[in-house]
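Engineer: This is the structure I want to talk about, given as structure tokens.
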Amino acid sequence: MSGPAKGKGDLDTVVLKHASGATAEIYLWGATLTSYKTPDGTERIFCSPAAIFDGKKAVRGGIPLVFPQFGQPDKAMAQHGVARISTWTVAKVEDSSEASVAMFTLSDNLETLVKWNHAFQLEYTVVLTAMSLKVTLKVINSGHSPFSFNFLLHTYLQIPDISSATVCGLNGRTYVDKVAGGDPKLESSLEVTLPSYTDRVYVGDVPMPKDIVVKGVGGVPLFALINEASVGVETKAVDMVIWNPYEEASPGDLPPPAFKEFVCVEPGLVNAFAGLPPSGTAEISQKIIPL
């Protein structure tokens, strides 16, 4: 049965346990999902062996939630915003034969208002089935004035070896190559490889779900990813961030050779800020289907 548990650092978590044997673990700190295992017990999400679970620092790995900024355009706010460094509330945990579901909420508070002076409510829903994991982040403008924001699901996928990994489904998109100075380029490859430090933002091109496939050694498919975004009733084209720091850019809580074991494939609205009027809503979701 799914329910509350204790994780590393004695932090509060919710563990989802589906009847199929699939499991997922989500920390209330940052609402960060740190584990997703398929019914065969295989771990599908990477979490750094040196991740810090102290309720102060963002967890390195899993699926950190990025809101309301991507990166740090506002230097007065933490990199990637306030969502991943706040304690969330459990709104519900439910089991059924079809799915195990958990929802978490976060609203503006004294700590967030000091960093970002806007009223908001976030709802994060995790749906675990025998075949997949779907995560959805919903933003609600609960204030009286519009605001601009980014949001993103910073997904770390567990893979055998980054040097053999490819990401398919990005050809034809323009991307910003942050490693090469931020110049826009056009992706012509059917399969994007990551032979070295990679940090790219692929700009969303079509406002409809587009499957991304991640392959491993020998071109074996590992994951299919379905990514969707909306603002109000309007479906939005999803930006995709592809990231792996290799040794040269690995932060202190990601000691080499840990970089070899993951690829970040992250859906969001991050190439430009999106606007949200009072009472407006926006959603970003990713369905992870291990193959």
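Every chain in the structure tokens has a letter given in the order shown (A, B, ...), and although residue numbers restart at 1 in each chain, ligands are simply numbered from 1 in the order shown.
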Which polymer residues have any atom within 9 Å of an atom of Val127 in chain A, counting only C-alpha atoms, with same-chain residues fewer than 6 positions away left out, as a PyMOL selection string?
Structural biologist: chain A and resi 16+99-103+133-136
Engineer: List the neighbours of range 73-78 of chain A out to 8 Å using only C-alpha atoms; skip same-chain residues closer than 4 positions along the sequence, and give me the result as a tab-separated table (two decimals) with all heavy atoms, in the first residue's frame.
Structural biologist:
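The file below, part-v5.tsv, is the result:
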chain	number	residue	atom	x	y	z
A	69	GLN	N	11.82	30.27	-12.33
A	69	GLN	CA	12.84	30.65	-13.30
A	69	GLN	C	13.71	29.45	-13.63
A	69	GLN	O	13.92	28.56	-12.81
A	69	GLN	CB	13.69	31.82	-12.81
A	69	GLN	CG	14.62	31.52	-11.64
A	69	GLN	CD	15.53	32.71	-11.30
A	69	GLN	OE1	15.47	33.77	-11.92
A	69	GLN	NE2	16.39	32.53	-10.31
A	82	VAL	N	12.20	28.51	-6.69
A	82	VAL	CA	11.89	28.18	-5.29
A	82	VAL	C	11.27	26.81	-5.09
A	82	VAL	O	11.26	26.29	-3.99
A	82	VAL	CB	10.95	29.25	-4.69
A	82	VAL	CG1	11.60	30.62	-4.72
A	82	VAL	CG2	9.60	29.28	-5.42
A	115	LYS	N	11.71	36.10	-2.16
A	115	LYS	CA	12.52	35.84	-3.35
A	115	LYS	C	11.78	36.16	-4.65
A	115	LYS	O	12.40	36.50	-5.65
A	115	LYS	CB	12.95	34.36	-3.37
A	115	LYS	CG	13.75	33.95	-2.13
A	115	LYS	CD	13.85	32.45	-1.99
A	115	LYS	CE	14.54	32.05	-0.69
A	115	LYS	NZ	14.49	30.59	-0.45
A	116	TRP	N	10.45	35.99	-4.61
A	116	TRP	CA	9.63	36.20	-5.81
A	116	TRP	C	8.27	36.67	-5.34
A	116	TRP	O	7.48	35.88	-4.82
A	116	TRP	CB	9.53	34.89	-6.59
A	116	TRP	CG	8.97	35.02	-7.98
A	116	TRP	CD1	9.51	35.73	-9.01
A	116	TRP	CD2	7.77	34.40	-8.48
A	116	TRP	NE1	8.72	35.60	-10.13
A	116	TRP	CE2	7.66	34.79	-9.85
A	116	TRP	CE3	6.81	33.56	-7.93
A	116	TRP	CZ2	6.61	34.37	-10.65
A	116	TRP	CZ3	5.75	33.14	-8.73
A	116	TRP	CH2	5.66	33.54	-10.08
Engineer: Write out, as CSV, each residue of range 101-204 of chain A that has an atom at most 6 Å from range 215-236 of chain A, together with the closest pair of atoms and their distance in Å to one decimal, counting only C-alpha atoms, rows going by chain and rising number.
Structural biologist:
residue,atom,partner,partner_atom,distance
A:Ser164,CA,A:Val217,CA,5.1
A:Ala165,CA,A:Gly216,CA,4.5
A:Thr166,CA,A:Lys215,CA,5.2
Engineer: Can you work out which one of A:Pro257, A:Gly71, A:Pro146, A:Pro267 has the shortest atom-to-atom distance to Gln286 in chain A, counting only C-alpha atoms?
Structural biologist: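 The closest residue to Gln286 in chain A is A:Pro267.
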Engineer: Pick from A:Gly41, A:Asp183, A:Glu98, A:Ile26: nearest to Ala5 in chain A, with only C-alpha atoms counted?
Structural biologist: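 Looking only at the distances to Ala5 in chain A, the closest residue turns out to be A:Ile26.
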Engineer: Report as a Markdown table: every residue of range 101-144 of chain A with an atom at most 10 Å from range 268-276 of chain A, its closest pair of atoms, and their distance in Å to one decimal, counting only C-alpha atoms, with rows sorted by chain and ascending residue number.
Structural biologist:
| residue | atom | partner | partner_atom | distance |
| --- | --- | --- | --- | --- |
| A:Val139 | CA | A:Leu276 | CA | 9.0 |
| A:Ile140 | CA | A:Leu276 | CA | 8.2 |
| A:Asn141 | CA | A:Leu276 | CA | 6.6 |
Engineer: A:Asp40, A:Glu261, A:Asp108, A:Asp211: which is nearest Ala130 in chain A, counting only C-alpha atoms?
Structural biologist: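 Closest candidate: A:Asp40.
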Engineer: May I have a table of the residues of range 59-135 of chain A lying at most 10 Å from range 246-256 of chain A, giving each one's closest pair of atoms and their distance in Å to one decimal, counting only C-alpha atoms, ordered by chain and ascending residue number, as a tab-separated table?
Structural biologist:
residue	atom	partner	partner_atom	distance
A:Val59	CA	A:Asp253	CA	9.0
A:Arg60	CA	A:Asp253	CA	6.7
A:Gly61	CA	A:Leu254	CA	8.9
Engineer: Generate a file of the selected residues that holds N, CA, C and O atoms, formatted as a short mmCIF file (atom, residue, chain, number, x, y, z; two decimals), in the first residue's frame.
Structural biologist:
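So the final result, stored in again_20.cif, reads:
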data_model
loop_
_atom_site.label_atom_id
_atom_site.label_comp_id
_atom_site.auth_asym_id
_atom_site.auth_seq_id
_atom_site.Cartn_x
_atom_site.Cartn_y
_atom_site.Cartn_z
N VAL A 59 18.02 18.47 -4.22
CA VAL A 59 18.51 17.10 -4.40
C VAL A 59 19.11 16.97 -5.80
O VAL A 59 18.49 17.39 -6.79
N ARG A 60 20.29 16.37 -5.88
CA ARG A 60 20.97 16.17 -7.17
C ARG A 60 20.49 14.85 -7.78
O ARG A 60 20.89 13.78 -7.37
N GLY A 61 19.61 14.96 -8.74
CA GLY A 61 19.08 13.78 -9.40
C GLY A 61 17.58 13.69 -9.22
O GLY A 61 16.93 14.58 -8.66
#
Engineer: What parts of range 33-229 of chain A does DSSP call strand (DSSP E)? I'd like the answer as a ChimeraX atom specification.
Structural biologist: /A:33-37,65-66,89-95,100-107,121-128,133-140,147-153,156-158,166-168,174-177,184-186,191-193,198-202,210-215,221-229
Engineer: Can you measure CA of Gly182 in chain A to CA of Phe149 in chain A for me? One decimal in Å is fine.
Structural biologist: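 Those two atoms sit 20.8 Å apart.
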Engineer: Please return, as an NGL selection string, all residues of range 72-290 of chain A that DSSP assigns to helix (DSSP H, G or I) on the basis of the backbone.
Structural biologist: :A and (83-85 or 110-115 or 162-164 or 217-219 or 258-261)
Engineer: As a list in words, please: the residues near Gly143 in chain A (cut-off 7 Å, only C-alpha atoms, same-chain neighbours under 6 positions excluded).
Structural biologist: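 Returned residues: His118, Ala119, Phe120 and Pro278 of chain A.
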Engineer: Between CA of Tyr36 in chain A and CA of Ala22 in chain A, what is the distance in Å, rounded to a tenth?
Structural biologist: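 Atom-to-atom, CA of Tyr36 in chain A to CA of Ala22 in chain A, that is 7.5 Å.
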Engineer: Contacts of range 44-54 of chain A at 9 Å or less, counting only C-alpha atoms, minus same-chain residues fewer than 6 places along, as a ChimeraX atom specification?
Structural biologist: /A:7-11,29,33-38,60-63,155-159,252-255,258-259,261-263,290
Engineer: Nearest residue to Val66 in chain A out of A:Val265, A:Phe104, A:His80, A:Ser86, using only C-alpha atoms?
Structural biologist: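 Of A:Val265, A:Phe104, A:His80, A:Ser86, the one nearest Val66 in chain A is A:His80, counting only C-alpha atoms.
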Engineer: In terms of the shortest atom-to-atom distance over only C-alpha atoms, which of A:Leu170, A:Leu190, A:Ile85, A:Ala282 is closest to Gln121 in chain A?
Structural biologist: A:Ala282
Engineer: Could you pull the residues within 7 Å of Leu186 in chain A, counting only C-alpha atoms, minus those fewer than 4 positions along the same chain, as a list in words?
Structural biologist: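 Within the cut-off, the hits are Gly172, Arg173, Thr174 and Tyr175 of chain A.
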Engineer: Using Å and a single decimal, report how far CA of Ala91 in chain A sits from CA of Gly55 in chain A.
Structural biologist: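 CA of Ala91 in chain A lies at a distance of 19.8 Å from CA of Gly55 in chain A.
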Engineer: For Gly169 in chain A, which residue among A:Val126, A:Val213, A:Leu65, A:Leu137 is the nearest when counting only C-alpha atoms?
Structural biologist: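 Closest to Gly169 in chain A, using only C-alpha atoms: A:Val213.
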